[in-house]
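File shown: input.cif (mmCIF, C-alpha atoms and all ligand atoms).
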```
data_protein
loop_
_atom_site.group_PDB
_atom_site.id
_atom_site.type_symbol
_atom_site.label_atom_id
_atom_site.label_comp_id
_atom_site.auth_asym_id
_atom_site.auth_seq_id
_atom_site.Cartn_x
_atom_site.Cartn_y
_atom_site.Cartn_z
ATOM 1 C CA MET A 1 -4.328 39.792 -3.533
ATOM 2 C CA LYS A 2 -0.993 38.026 -3.092
ATOM 3 C CA LYS A 3 -0.235 35.498 -5.841
ATOM 4 C CA ALA A 4 1.333 32.644 -4.004
ATOM 5 C CA ALA A 5 2.612 29.088 -4.211
ATOM 6 C CA LEU A 6 0.679 26.671 -2.012
ATOM 7 C CA ILE A 7 2.776 23.634 -1.122
ATOM 8 C CA THR A 8 1.436 20.705 0.874
ATOM 9 C CA GLY A 9 3.980 18.757 2.897
ATOM 10 C CA ALA A 10 6.320 21.742 2.823
ATOM 11 C CA THR A 11 8.114 21.032 6.099
ATOM 12 C CA GLY A 12 10.409 18.290 4.838
ATOM 13 C CA GLY A 13 11.761 16.318 1.899
ATOM 14 C CA ILE A 14 10.784 17.286 -1.641
ATOM 15 C CA GLY A 15 8.149 19.831 -0.491
ATOM 16 C CA LEU A 16 10.634 21.874 1.547
ATOM 17 C CA GLU A 17 13.084 21.967 -1.390
ATOM 18 C CA LEU A 18 10.304 23.109 -3.729
ATOM 19 C CA ALA A 19 9.349 25.862 -1.270
ATOM 20 C CA LYS A 20 12.977 27.108 -1.351
ATOM 21 C CA LEU A 21 12.865 27.365 -5.155
ATOM 22 C CA PHE A 22 9.737 29.533 -5.059
ATOM 23 C CA ALA A 23 11.115 31.630 -2.187
ATOM 24 C CA LYS A 24 14.327 32.267 -4.125
ATOM 25 C CA ARG A 25 12.151 33.858 -6.829
ATOM 26 C CA GLU A 26 10.325 35.952 -4.209
ATOM 27 C CA VAL A 27 7.033 34.098 -4.596
ATOM 28 C CA PRO A 28 4.945 34.315 -1.384
ATOM 29 C CA LEU A 29 4.390 30.922 0.210
ATOM 30 C CA ILE A 30 1.420 29.096 1.688
ATOM 31 C CA LEU A 31 2.822 26.152 3.614
ATOM 32 C CA VAL A 32 0.584 23.255 4.661
ATOM 33 C CA ALA A 33 1.463 20.358 6.975
ATOM 34 C CA ARG A 34 0.267 18.870 10.288
ATOM 35 C CA ASN A 35 3.007 19.810 12.752
ATOM 36 C CA ALA A 36 2.286 23.453 13.670
ATOM 37 C CA ASP A 37 5.574 24.031 15.546
ATOM 38 C CA ARG A 38 7.661 22.831 12.616
ATOM 39 C CA LEU A 39 5.535 24.891 10.202
ATOM 40 C CA HIS A 40 6.124 28.073 12.212
ATOM 41 C CA ARG A 41 9.865 27.390 12.472
ATOM 42 C CA ILE A 42 10.093 26.902 8.709
ATOM 43 C CA ALA A 43 7.934 29.959 8.027
ATOM 44 C CA ARG A 44 10.343 32.050 10.110
ATOM 45 C CA TYR A 45 13.289 30.585 8.153
ATOM 46 C CA PHE A 46 11.714 31.677 4.840
ATOM 47 C CA GLN A 47 10.862 35.138 6.164
ATOM 48 C CA ASP A 48 14.382 35.687 7.552
ATOM 49 C CA GLU A 49 16.415 34.102 4.748
ATOM 50 C CA PHE A 50 14.347 34.987 1.679
ATOM 51 C CA HIS A 51 12.202 37.928 2.906
ATOM 52 C CA VAL A 52 9.004 36.425 1.478
ATOM 53 C CA SER A 53 5.517 36.561 3.009
ATOM 54 C CA VAL A 54 4.407 33.222 4.404
ATOM 55 C CA LEU A 55 0.968 31.942 5.378
ATOM 56 C CA THR A 56 0.917 28.698 7.341
ATOM 57 C CA VAL A 57 -2.019 26.307 7.458
ATOM 58 C CA ALA A 58 -1.614 23.532 10.027
ATOM 59 C CA GLN A 59 -3.952 20.881 8.713
ATOM 60 C CA ASP A 60 -4.109 17.105 8.622
ATOM 61 C CA LEU A 61 -4.982 16.595 4.960
ATOM 62 C CA SER A 62 -5.997 12.978 5.455
ATOM 63 C CA VAL A 63 -9.249 13.909 7.193
ATOM 64 C CA GLY A 64 -12.541 14.468 5.373
ATOM 65 C CA GLY A 65 -13.185 18.084 4.351
ATOM 66 C CA ALA A 66 -9.483 19.046 4.619
ATOM 67 C CA ALA A 67 -9.293 20.524 1.106
ATOM 68 C CA GLU A 68 -12.312 22.768 1.792
ATOM 69 C CA THR A 69 -10.766 23.893 5.105
ATOM 70 C CA VAL A 70 -7.476 24.849 3.436
ATOM 71 C CA TYR A 71 -9.284 26.655 0.619
ATOM 72 C CA GLU A 72 -11.341 28.668 3.122
ATOM 73 C CA ALA A 73 -8.245 29.543 5.185
ATOM 74 C CA VAL A 74 -6.424 30.822 2.098
ATOM 75 C CA HIS A 75 -9.386 32.864 0.878
ATOM 76 C CA SER A 76 -10.202 34.422 4.214
ATOM 77 C CA ALA A 77 -6.547 35.503 4.494
ATOM 78 C CA GLY A 78 -6.946 37.257 1.109
ATOM 79 C CA TRP A 79 -4.362 35.188 -0.760
ATOM 80 C CA GLU A 80 -4.532 33.844 -4.317
ATOM 81 C CA VAL A 81 -2.910 30.589 -5.400
ATOM 82 C CA GLU A 82 -1.017 30.833 -8.687
ATOM 83 C CA TYR A 83 1.016 27.659 -8.111
ATOM 84 C CA LEU A 84 -0.575 24.641 -6.443
ATOM 85 C CA VAL A 85 1.856 21.908 -5.386
ATOM 86 C CA ASN A 86 0.139 18.769 -4.110
ATOM 87 C CA ASN A 87 3.200 17.130 -2.623
ATOM 88 C CA ALA A 88 2.196 15.624 0.764
ATOM 89 C CA GLY A 89 1.824 11.858 0.645
ATOM 90 C CA PHE A 90 3.021 8.681 2.301
ATOM 91 C CA GLY A 91 3.175 4.918 1.773
ATOM 92 C CA ASP A 92 2.956 1.798 3.879
ATOM 93 C CA TRP A 93 5.062 -1.347 3.502
ATOM 94 C CA SER A 94 2.827 -4.150 4.772
ATOM 95 C CA ARG A 95 0.718 -7.130 3.780
ATOM 96 C CA PHE A 96 -2.541 -5.463 2.829
ATOM 97 C CA VAL A 97 -4.925 -7.846 4.603
ATOM 98 C CA GLU A 98 -2.975 -7.531 7.861
ATOM 99 C CA SER A 99 -2.221 -3.821 7.517
ATOM 100 C CA ASP A 100 -3.268 -0.983 9.807
ATOM 101 C CA TRP A 101 -6.613 0.011 8.274
ATOM 102 C CA LYS A 102 -6.485 3.545 9.714
ATOM 103 C CA LYS A 103 -3.113 4.097 8.020
ATOM 104 C CA GLN A 104 -4.435 2.764 4.695
ATOM 105 C CA SER A 105 -7.584 4.908 4.788
ATOM 106 C CA ASP A 106 -5.592 7.993 5.853
ATOM 107 C CA MET A 107 -3.317 7.329 2.870
ATOM 108 C CA ILE A 108 -6.293 7.333 0.509
ATOM 109 C CA GLY A 109 -7.552 10.515 2.215
ATOM 110 C CA LEU A 110 -4.218 12.294 1.764
ATOM 111 C CA ASN A 111 -2.785 10.877 -1.472
ATOM 112 C CA ILE A 112 -6.106 10.909 -3.361
ATOM 113 C CA LEU A 113 -8.948 12.853 -1.760
ATOM 114 C CA ALA A 114 -7.109 15.947 -0.499
ATOM 115 C CA LEU A 115 -5.105 16.264 -3.741
ATOM 116 C CA THR A 116 -8.271 15.971 -5.829
ATOM 117 C CA GLY A 117 -10.176 18.479 -3.663
ATOM 118 C CA LEU A 118 -7.381 21.065 -3.779
ATOM 119 C CA CYS A 119 -7.229 20.745 -7.591
ATOM 120 C CA ARG A 120 -11.020 21.173 -7.707
ATOM 121 C CA PHE A 121 -11.192 24.342 -5.580
ATOM 122 C CA PHE A 122 -8.025 26.161 -6.622
ATOM 123 C CA GLY A 123 -8.336 24.845 -10.210
ATOM 124 C CA GLN A 124 -11.711 26.577 -10.556
ATOM 125 C CA ASP A 125 -10.151 29.921 -9.550
ATOM 126 C CA MET A 126 -7.216 29.385 -11.916
ATOM 127 C CA ARG A 127 -9.550 28.629 -14.819
ATOM 128 C CA ALA A 128 -11.622 31.752 -14.099
ATOM 129 C CA ARG A 129 -8.422 33.862 -14.016
ATOM 130 C CA LYS A 130 -6.948 32.009 -17.009
ATOM 131 C CA SER A 131 -3.696 31.585 -15.160
ATOM 132 C CA GLY A 132 -2.127 28.972 -12.918
ATOM 133 C CA ARG A 133 0.130 25.949 -12.612
ATOM 134 C CA ILE A 134 -0.515 22.710 -10.764
ATOM 135 C CA LEU A 135 2.153 20.191 -9.773
ATOM 136 C CA ASN A 136 0.891 16.863 -8.444
ATOM 137 C CA VAL A 137 3.501 14.547 -6.923
ATOM 138 C CA ALA A 138 2.898 10.902 -7.864
ATOM 139 C CA SER A 139 5.740 8.376 -8.043
ATOM 140 C CA VAL A 140 7.333 5.879 -10.384
ATOM 141 C CA ALA A 141 4.951 3.557 -8.490
ATOM 142 C CA ALA A 142 2.191 5.096 -10.638
ATOM 143 C CA PHE A 143 3.220 2.913 -13.570
ATOM 144 C CA LEU A 144 2.781 -0.561 -12.088
ATOM 145 C CA PRO A 145 0.989 -2.594 -9.398
ATOM 146 C CA GLY A 146 2.980 -2.824 -6.146
ATOM 147 C CA PRO A 147 2.478 -5.857 -3.912
ATOM 148 C CA TYR A 148 3.158 -5.078 -0.206
ATOM 149 C CA MET A 149 2.540 -1.395 -0.938
ATOM 150 C CA SER A 150 -0.605 -2.030 -2.919
ATOM 151 C CA VAL A 151 -2.690 0.967 -1.803
ATOM 152 C CA TYR A 152 0.254 3.359 -2.205
ATOM 153 C CA TYR A 153 1.005 2.238 -5.778
ATOM 154 C CA ALA A 154 -2.708 2.359 -6.658
ATOM 155 C CA SER A 155 -3.046 5.850 -5.137
ATOM 156 C CA LYS A 156 -0.170 7.104 -7.270
ATOM 157 C CA ALA A 157 -1.652 5.476 -10.403
ATOM 158 C CA TYR A 158 -4.765 7.522 -9.609
ATOM 159 C CA VAL A 159 -2.721 10.725 -9.263
ATOM 160 C CA ARG A 160 -1.026 10.117 -12.605
ATOM 161 C CA SER A 161 -4.228 9.302 -14.493
ATOM 162 C CA PHE A 162 -6.187 12.157 -12.880
ATOM 163 C CA SER A 163 -3.435 14.703 -13.562
ATOM 164 C CA ILE A 164 -3.056 13.788 -17.231
ATOM 165 C CA ALA A 165 -6.829 14.037 -17.684
ATOM 166 C CA LEU A 166 -6.978 17.383 -15.872
ATOM 167 C CA ALA A 167 -4.102 18.742 -17.979
ATOM 168 C CA GLU A 168 -6.136 17.937 -21.092
ATOM 169 C CA GLU A 169 -9.291 19.569 -19.671
ATOM 170 C CA LEU A 170 -7.471 22.789 -18.798
ATOM 171 C CA LYS A 171 -5.191 23.088 -21.813
ATOM 172 C CA HIS A 172 -7.178 25.958 -23.386
ATOM 173 C CA ASP A 173 -7.451 27.879 -20.092
ATOM 174 C CA ASP A 174 -3.779 28.768 -19.585
ATOM 175 C CA VAL A 175 -3.655 26.408 -16.618
ATOM 176 C CA THR A 176 -1.032 23.669 -16.757
ATOM 177 C CA VAL A 177 -0.968 20.403 -14.801
ATOM 178 C CA THR A 178 2.257 18.473 -14.279
ATOM 179 C CA VAL A 179 2.538 15.082 -12.628
ATOM 180 C CA LEU A 180 5.920 14.313 -11.080
ATOM 181 C CA CYS A 181 7.000 10.680 -10.844
ATOM 182 C CA PRO A 182 10.111 10.410 -8.666
ATOM 183 C CA GLY A 183 11.978 7.214 -7.841
ATOM 184 C CA PRO A 184 13.447 6.591 -4.371
ATOM 185 C CA THR A 185 14.548 9.915 -2.872
ATOM 186 C CA SER A 186 16.327 10.565 0.461
ATOM 187 C CA THR A 187 13.559 12.062 2.597
ATOM 188 C CA GLY A 188 11.379 11.032 5.527
ATOM 189 C CA PHE A 189 9.379 8.814 3.149
ATOM 190 C CA GLU A 190 11.314 5.577 3.795
ATOM 191 C CA LYS A 191 10.736 5.739 7.560
ATOM 192 C CA ALA A 192 7.102 6.893 7.293
ATOM 193 C CA ALA A 193 6.364 3.893 5.054
ATOM 194 C CA ASN A 194 8.136 1.415 7.417
ATOM 195 C CA LEU A 195 10.501 0.584 4.551
ATOM 196 C CA ASP A 196 13.404 0.912 6.989
ATOM 197 C CA HIS A 197 12.178 -2.279 8.686
ATOM 198 C CA GLY A 198 13.804 -4.605 6.152
ATOM 199 C CA SER A 199 12.657 -3.581 2.673
ATOM 200 C CA PRO A 200 15.455 -3.781 0.077
ATOM 201 C CA MET A 201 13.976 -0.844 -1.914
ATOM 202 C CA PHE A 202 16.267 1.933 -0.695
ATOM 203 C CA LYS A 203 19.239 -0.448 -0.576
ATOM 204 C CA SER A 204 18.933 -1.799 -4.121
ATOM 205 C CA MET A 205 18.526 1.621 -5.782
ATOM 206 C CA LYS A 206 20.538 4.786 -5.257
ATOM 207 C CA ALA A 207 18.209 7.348 -3.732
ATOM 208 C CA ALA A 208 18.113 10.779 -5.383
ATOM 209 C CA SER A 209 18.562 14.001 -3.441
ATOM 210 C CA PRO A 210 15.319 15.865 -2.677
ATOM 211 C CA ARG A 211 16.945 19.085 -3.907
ATOM 212 C CA ASN A 212 17.701 17.610 -7.353
ATOM 213 C CA CYS A 213 14.212 16.143 -7.524
ATOM 214 C CA ALA A 214 12.661 19.516 -6.624
ATOM 215 C CA ILE A 215 14.760 21.412 -9.204
ATOM 216 C CA TYR A 216 13.702 18.931 -11.885
ATOM 217 C CA ALA A 217 10.030 19.172 -10.823
ATOM 218 C CA TYR A 218 10.067 22.960 -10.640
ATOM 219 C CA HIS A 219 11.364 23.305 -14.201
ATOM 220 C CA ALA A 220 8.933 20.689 -15.539
ATOM 221 C CA MET A 221 6.073 22.606 -13.900
ATOM 222 C CA MET A 222 7.234 25.947 -15.294
ATOM 223 C CA CYS A 223 7.551 24.438 -18.795
ATOM 224 C CA GLY A 224 4.044 22.984 -18.523
ATOM 225 C CA GLN A 225 5.330 19.431 -19.076
ATOM 226 C CA THR A 226 2.512 16.960 -18.342
ATOM 227 C CA VAL A 227 4.433 13.873 -17.134
ATOM 228 C CA ALA A 228 7.824 14.358 -15.489
ATOM 229 C CA CYS A 229 9.772 11.260 -14.439
ATOM 230 C CA HIS A 230 12.778 12.047 -12.274
ATOM 231 C CA THR A 231 15.936 9.932 -12.811
ATOM 232 C CA LEU A 232 16.874 7.430 -15.505
ATOM 233 C CA PRO A 233 15.653 4.269 -13.687
ATOM 234 C CA SER A 234 12.179 5.830 -13.330
ATOM 235 C CA ASN A 235 12.120 6.572 -17.058
ATOM 236 C CA LEU A 236 13.245 3.012 -17.850
ATOM 237 C CA ILE A 237 10.396 1.635 -15.708
ATOM 238 C CA ARG A 238 7.965 3.999 -17.409
ATOM 239 C CA ILE A 239 9.013 2.660 -20.824
ATOM 240 C CA GLY A 240 9.580 -0.949 -19.719
ATOM 241 C CA VAL A 241 6.027 -1.486 -18.458
ATOM 242 C CA HIS A 242 4.750 -1.184 -22.021
ATOM 243 C CA PHE A 243 6.584 -4.405 -22.873
ATOM 244 C CA ALA A 244 5.463 -6.439 -19.853
ATOM 245 C CA THR A 245 2.195 -7.871 -18.587
ATOM 246 C CA ALA A 246 0.770 -6.301 -15.429
ATOM 247 C CA LYS A 247 1.295 -9.630 -13.650
ATOM 248 C CA PHE A 248 4.988 -9.704 -14.560
ATOM 249 C CA ALA A 249 5.376 -6.053 -13.507
ATOM 250 C CA ALA A 250 3.717 -6.835 -10.152
ATOM 251 C CA LYS A 251 6.164 -9.703 -9.584
ATOM 252 C CA GLN A 252 9.119 -7.423 -10.265
ATOM 253 C CA SER A 253 7.865 -4.660 -7.957
ATOM 254 C CA ALA A 254 7.232 -7.266 -5.226
ATOM 255 C CA LYS A 255 10.961 -8.081 -5.464
ATOM 256 C CA VAL A 256 11.949 -4.421 -5.211
ATOM 257 C CA ASN A 257 9.587 -3.761 -2.302
ATOM 258 C CA GLY A 258 10.487 -7.003 -0.509
ATOM 259 C CA ILE A 259 8.145 -9.167 1.523
ATOM 260 C CA PRO A 260 7.444 -7.913 5.066
ATOM 261 C CA LYS A 261 7.973 -10.443 7.849
ATOM 262 C CA GLU A 262 4.905 -12.417 8.931
ATOM 263 C CA PRO A 263 3.456 -10.886 12.085
ATOM 264 C CA LYS A 264 4.252 -13.070 15.109
ATOM 265 C CA ARG A 265 1.305 -15.282 15.918
ATOM 266 C CA ARG A 266 0.546 -16.321 19.480
ATOM 267 C CA VAL A 267 1.182 -19.988 20.089
ATOM 268 C CA ARG A 268 -1.524 -21.523 22.218
ATOM 269 C CA ARG A 269 -0.174 -23.613 25.060
ATOM 270 C CA ARG A 270 -2.240 -26.339 26.583
HETATM 271 N N1 LIG A 301 10.907 9.988 -1.057
HETATM 272 C C1 LIG A 301 10.652 9.086 -1.979
HETATM 273 O O1 LIG A 301 11.373 8.084 -2.143
HETATM 274 C C2 LIG A 301 9.470 9.283 -2.893
HETATM 275 C C3 LIG A 301 9.413 8.561 -4.094
HETATM 276 C C4 LIG A 301 8.329 8.739 -4.937
HETATM 277 C C5 LIG A 301 7.317 9.622 -4.605
HETATM 278 N N2 LIG A 301 7.392 10.310 -3.435
HETATM 279 C C6 LIG A 301 6.286 11.228 -3.084
HETATM 280 O O2 LIG A 301 6.831 12.509 -2.820
HETATM 281 C C7 LIG A 301 5.935 13.231 -1.985
HETATM 282 C C8 LIG A 301 6.729 13.936 -0.893
HETATM 283 O O3 LIG A 301 7.267 12.972 -0.037
HETATM 284 P P1 LIG A 301 8.671 13.097 0.708
HETATM 285 O O4 LIG A 301 9.470 11.963 0.233
HETATM 286 O O5 LIG A 301 9.234 14.466 0.578
HETATM 287 O O6 LIG A 301 8.172 12.771 2.192
HETATM 288 P P2 LIG A 301 8.529 13.312 3.645
HETATM 289 O O7 LIG A 301 9.958 13.721 3.739
HETATM 290 O O8 LIG A 301 8.016 12.238 4.551
HETATM 291 O O9 LIG A 301 7.625 14.638 3.815
HETATM 292 C C9 LIG A 301 6.239 14.540 3.948
HETATM 293 C C10 LIG A 301 5.639 15.923 4.164
HETATM 294 O O10 LIG A 301 4.213 15.776 4.134
HETATM 295 C C11 LIG A 301 3.639 16.241 5.352
HETATM 296 N N3 LIG A 301 2.504 15.379 5.671
HETATM 297 C C12 LIG A 301 2.516 14.045 5.928
HETATM 298 N N4 LIG A 301 1.284 13.615 6.216
HETATM 299 C C13 LIG A 301 0.464 14.695 6.132
HETATM 300 C C14 LIG A 301 -0.931 14.890 6.341
HETATM 301 N N5 LIG A 301 -1.725 13.901 6.714
HETATM 302 N N6 LIG A 301 -1.439 16.136 6.184
HETATM 303 C C15 LIG A 301 -0.627 17.184 5.835
HETATM 304 N N7 LIG A 301 0.695 17.049 5.616
HETATM 305 C C16 LIG A 301 1.237 15.824 5.774
HETATM 306 C C17 LIG A 301 4.785 16.150 6.385
HETATM 307 O O11 LIG A 301 4.649 17.072 7.454
HETATM 308 P P3 LIG A 301 3.837 16.705 8.817
HETATM 309 O O12 LIG A 301 4.348 15.387 9.281
HETATM 310 O O13 LIG A 301 4.099 17.846 9.754
HETATM 311 O O14 LIG A 301 2.391 16.658 8.421
HETATM 312 C C18 LIG A 301 5.986 16.538 5.514
HETATM 313 O O15 LIG A 301 6.040 17.950 5.385
HETATM 314 C C19 LIG A 301 4.897 12.212 -1.490
HETATM 315 O O16 LIG A 301 3.697 12.381 -2.197
HETATM 316 C C20 LIG A 301 5.530 10.881 -1.803
HETATM 317 O O17 LIG A 301 4.573 9.866 -2.037
HETATM 318 C C21 LIG A 301 8.444 10.176 -2.567
#
```

The structure given in the file should be rewritten as structure tokens.
Ligand SMILES: NC(=O)c1ccc[n+]([C@@H]2O[C@H](COP(=O)([O-])OP(=O)(O)OC[C@H]3O[C@@H](n4cnc5c(N)ncnc54)[C@H](OP(=O)(O)O)[C@@H]3O)[C@@H](O)[C@H]2O)c1
Amino acid sequence: MKKAALITGATGGIGLELAKLFAKREVPLILVARNADRLHRIARYFQDEFHVSVLTVAQDLSVGGAAETVYEAVHSAGWEVEYLVNNAGFGDWSRFVESDWKKQSDMIGLNILALTGLCRFFGQDMRARKSGRILNVASVAAFLPGPYMSVYYASKAYVRSFSIALAEELKHDDVTVTVLCPGPTSTGFEKAANLDHGSPMFKSMKAASPRNCAIYAYHAMMCGQTVACHTLPSNLIRIGVHFATAKFAAKQSAKVNGIPKEPKRRVRRR
């Protein structure tokens, strides 16, 4: 069996940079994302540049049963996952009650359900083997409530809490769990979350490079660090929330996120 690194959302941003770090160390890759063409292009890049074996799984992880489907695909191909990187995720900048419900429920499916399912299935194998490392990508958003991105912040709070608990459960099984909490990073995230439609978030803070974020995350995972906050501002937020009420923290994150414009309402003419 090939001992591989499975990376969700490996075709762009932080996930692609993490895949490069594994490939550099000749670790076979299992790449998961939705866009099959892009997946195959990237798989070819890793095979040509790094000479590593690559298995691609084109799967929308926001749909029910996605984690089981990925697990089955990996097993039937005869691969073993030594490193599980739950990286794929997205946000949505909107007023919750007027938001696109499909987008919100897909976000819960991807950010929470798929991540949890993949930890469940591959985590069981790791525990039986007494070997494995899990990296779950949360966000600095995990530390506070986030008005106008409320579901996203709450999903990342889930990822943080779940990962810390899982790390404790698996600590005697030689399986480590690391939760990464990045701040704003220059990837496709801003556009996917509609933050480029007027949110001050990426303008008020200097975005980190996905490569630096991935290097930091990779080393934290390999050291078995449980919580890894990338960049100083993220660490200051992590510490600062202990000295503030949740209501105050929510007010501050509302300022950082910005308030989306009211949707245009139709004016009735007589
Ligand atoms: N960038 C930031 O500022 C920032 C800050 C804090 C935390 N994070 C977290 O970092 C993680 C990585 O995000 P990123 O910034 O690198 O984003 P990104 O550049 O938008 O990349 C997202 C990746 O996930 C895949 N993906 C999206 N939806 C998917 C789905 N339903 N099923 C399977 N794959 C899917 C995308 O490929 P396809 O489109 O082909 O599926 C792509 O490979 C996310 O969990 C995000 O919440 C990002």

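Here the question is which of A:Met126, A:Leu18, A:Ile239, A:Met221 gets nearest to ligand LIG 301 (chain A) using only C-alpha atoms and all ligand atoms, and that residue is A:Leu18.
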
Around ligand LIG 301 (chain A), at most 6 Å away and counting only C-alpha atoms and all ligand atoms, which residues are there? Put them as a ChimeraX atom specification, please. /A:9-15,33-35,59-62,87-90,110,137-139,182-189

Identify all residues satisfying the PyMOL selection byres (((chain A and resi 124) around 12) and not hetatm) in the given file; provide them as a short mmCIF file (atom, residue, chain, number, x, y, z; two decimals) with C-alpha atoms, keeping the file's coordinate frame.
```cif
data_model
loop_
_atom_site.label_atom_id
_atom_site.label_comp_id
_atom_site.auth_asym_id
_atom_site.auth_seq_id
_atom_site.Cartn_x
_atom_site.Cartn_y
_atom_site.Cartn_z
CA TYR A 71 -9.28 26.66 0.62
CA GLU A 80 -4.53 33.84 -4.32
CA VAL A 81 -2.91 30.59 -5.40
CA GLU A 82 -1.02 30.83 -8.69
CA GLY A 117 -10.18 18.48 -3.66
CA LEU A 118 -7.38 21.06 -3.78
CA CYS A 119 -7.23 20.74 -7.59
CA ARG A 120 -11.02 21.17 -7.71
CA PHE A 121 -11.19 24.34 -5.58
CA PHE A 122 -8.02 26.16 -6.62
CA GLY A 123 -8.34 24.84 -10.21
CA ASP A 125 -10.15 29.92 -9.55
CA MET A 126 -7.22 29.38 -11.92
CA ARG A 127 -9.55 28.63 -14.82
CA ALA A 128 -11.62 31.75 -14.10
CA ARG A 129 -8.42 33.86 -14.02
CA LYS A 130 -6.95 32.01 -17.01
CA SER A 131 -3.70 31.58 -15.16
CA GLY A 132 -2.13 28.97 -12.92
CA ILE A 134 -0.52 22.71 -10.76
CA LEU A 166 -6.98 17.38 -15.87
CA GLU A 169 -9.29 19.57 -19.67
CA LEU A 170 -7.47 22.79 -18.80
CA ASP A 173 -7.45 27.88 -20.09
CA VAL A 175 -3.66 26.41 -16.62
#
```

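The space between CA of Arg133 (chain A) and CA of Ile215 (chain A) spans 15.7 Å.
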
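Residues within 9 Å of Lys261 (chain A), counting all atoms listed in the file and excluding same-chain residues fewer than 2 positions away, are Ser94, Arg95, Gly198, Ile259, Pro263 and Lys264 of chain A.
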
Once the PyMOL selection byres (((chain A and resi 207) around 12) and not hetatm) has been applied to the shown file, what residues remain in the selection, as a VMD selection string? chain A and resid 182 to 187 189 to 190 201 to 206 208 to 213 230 to 234
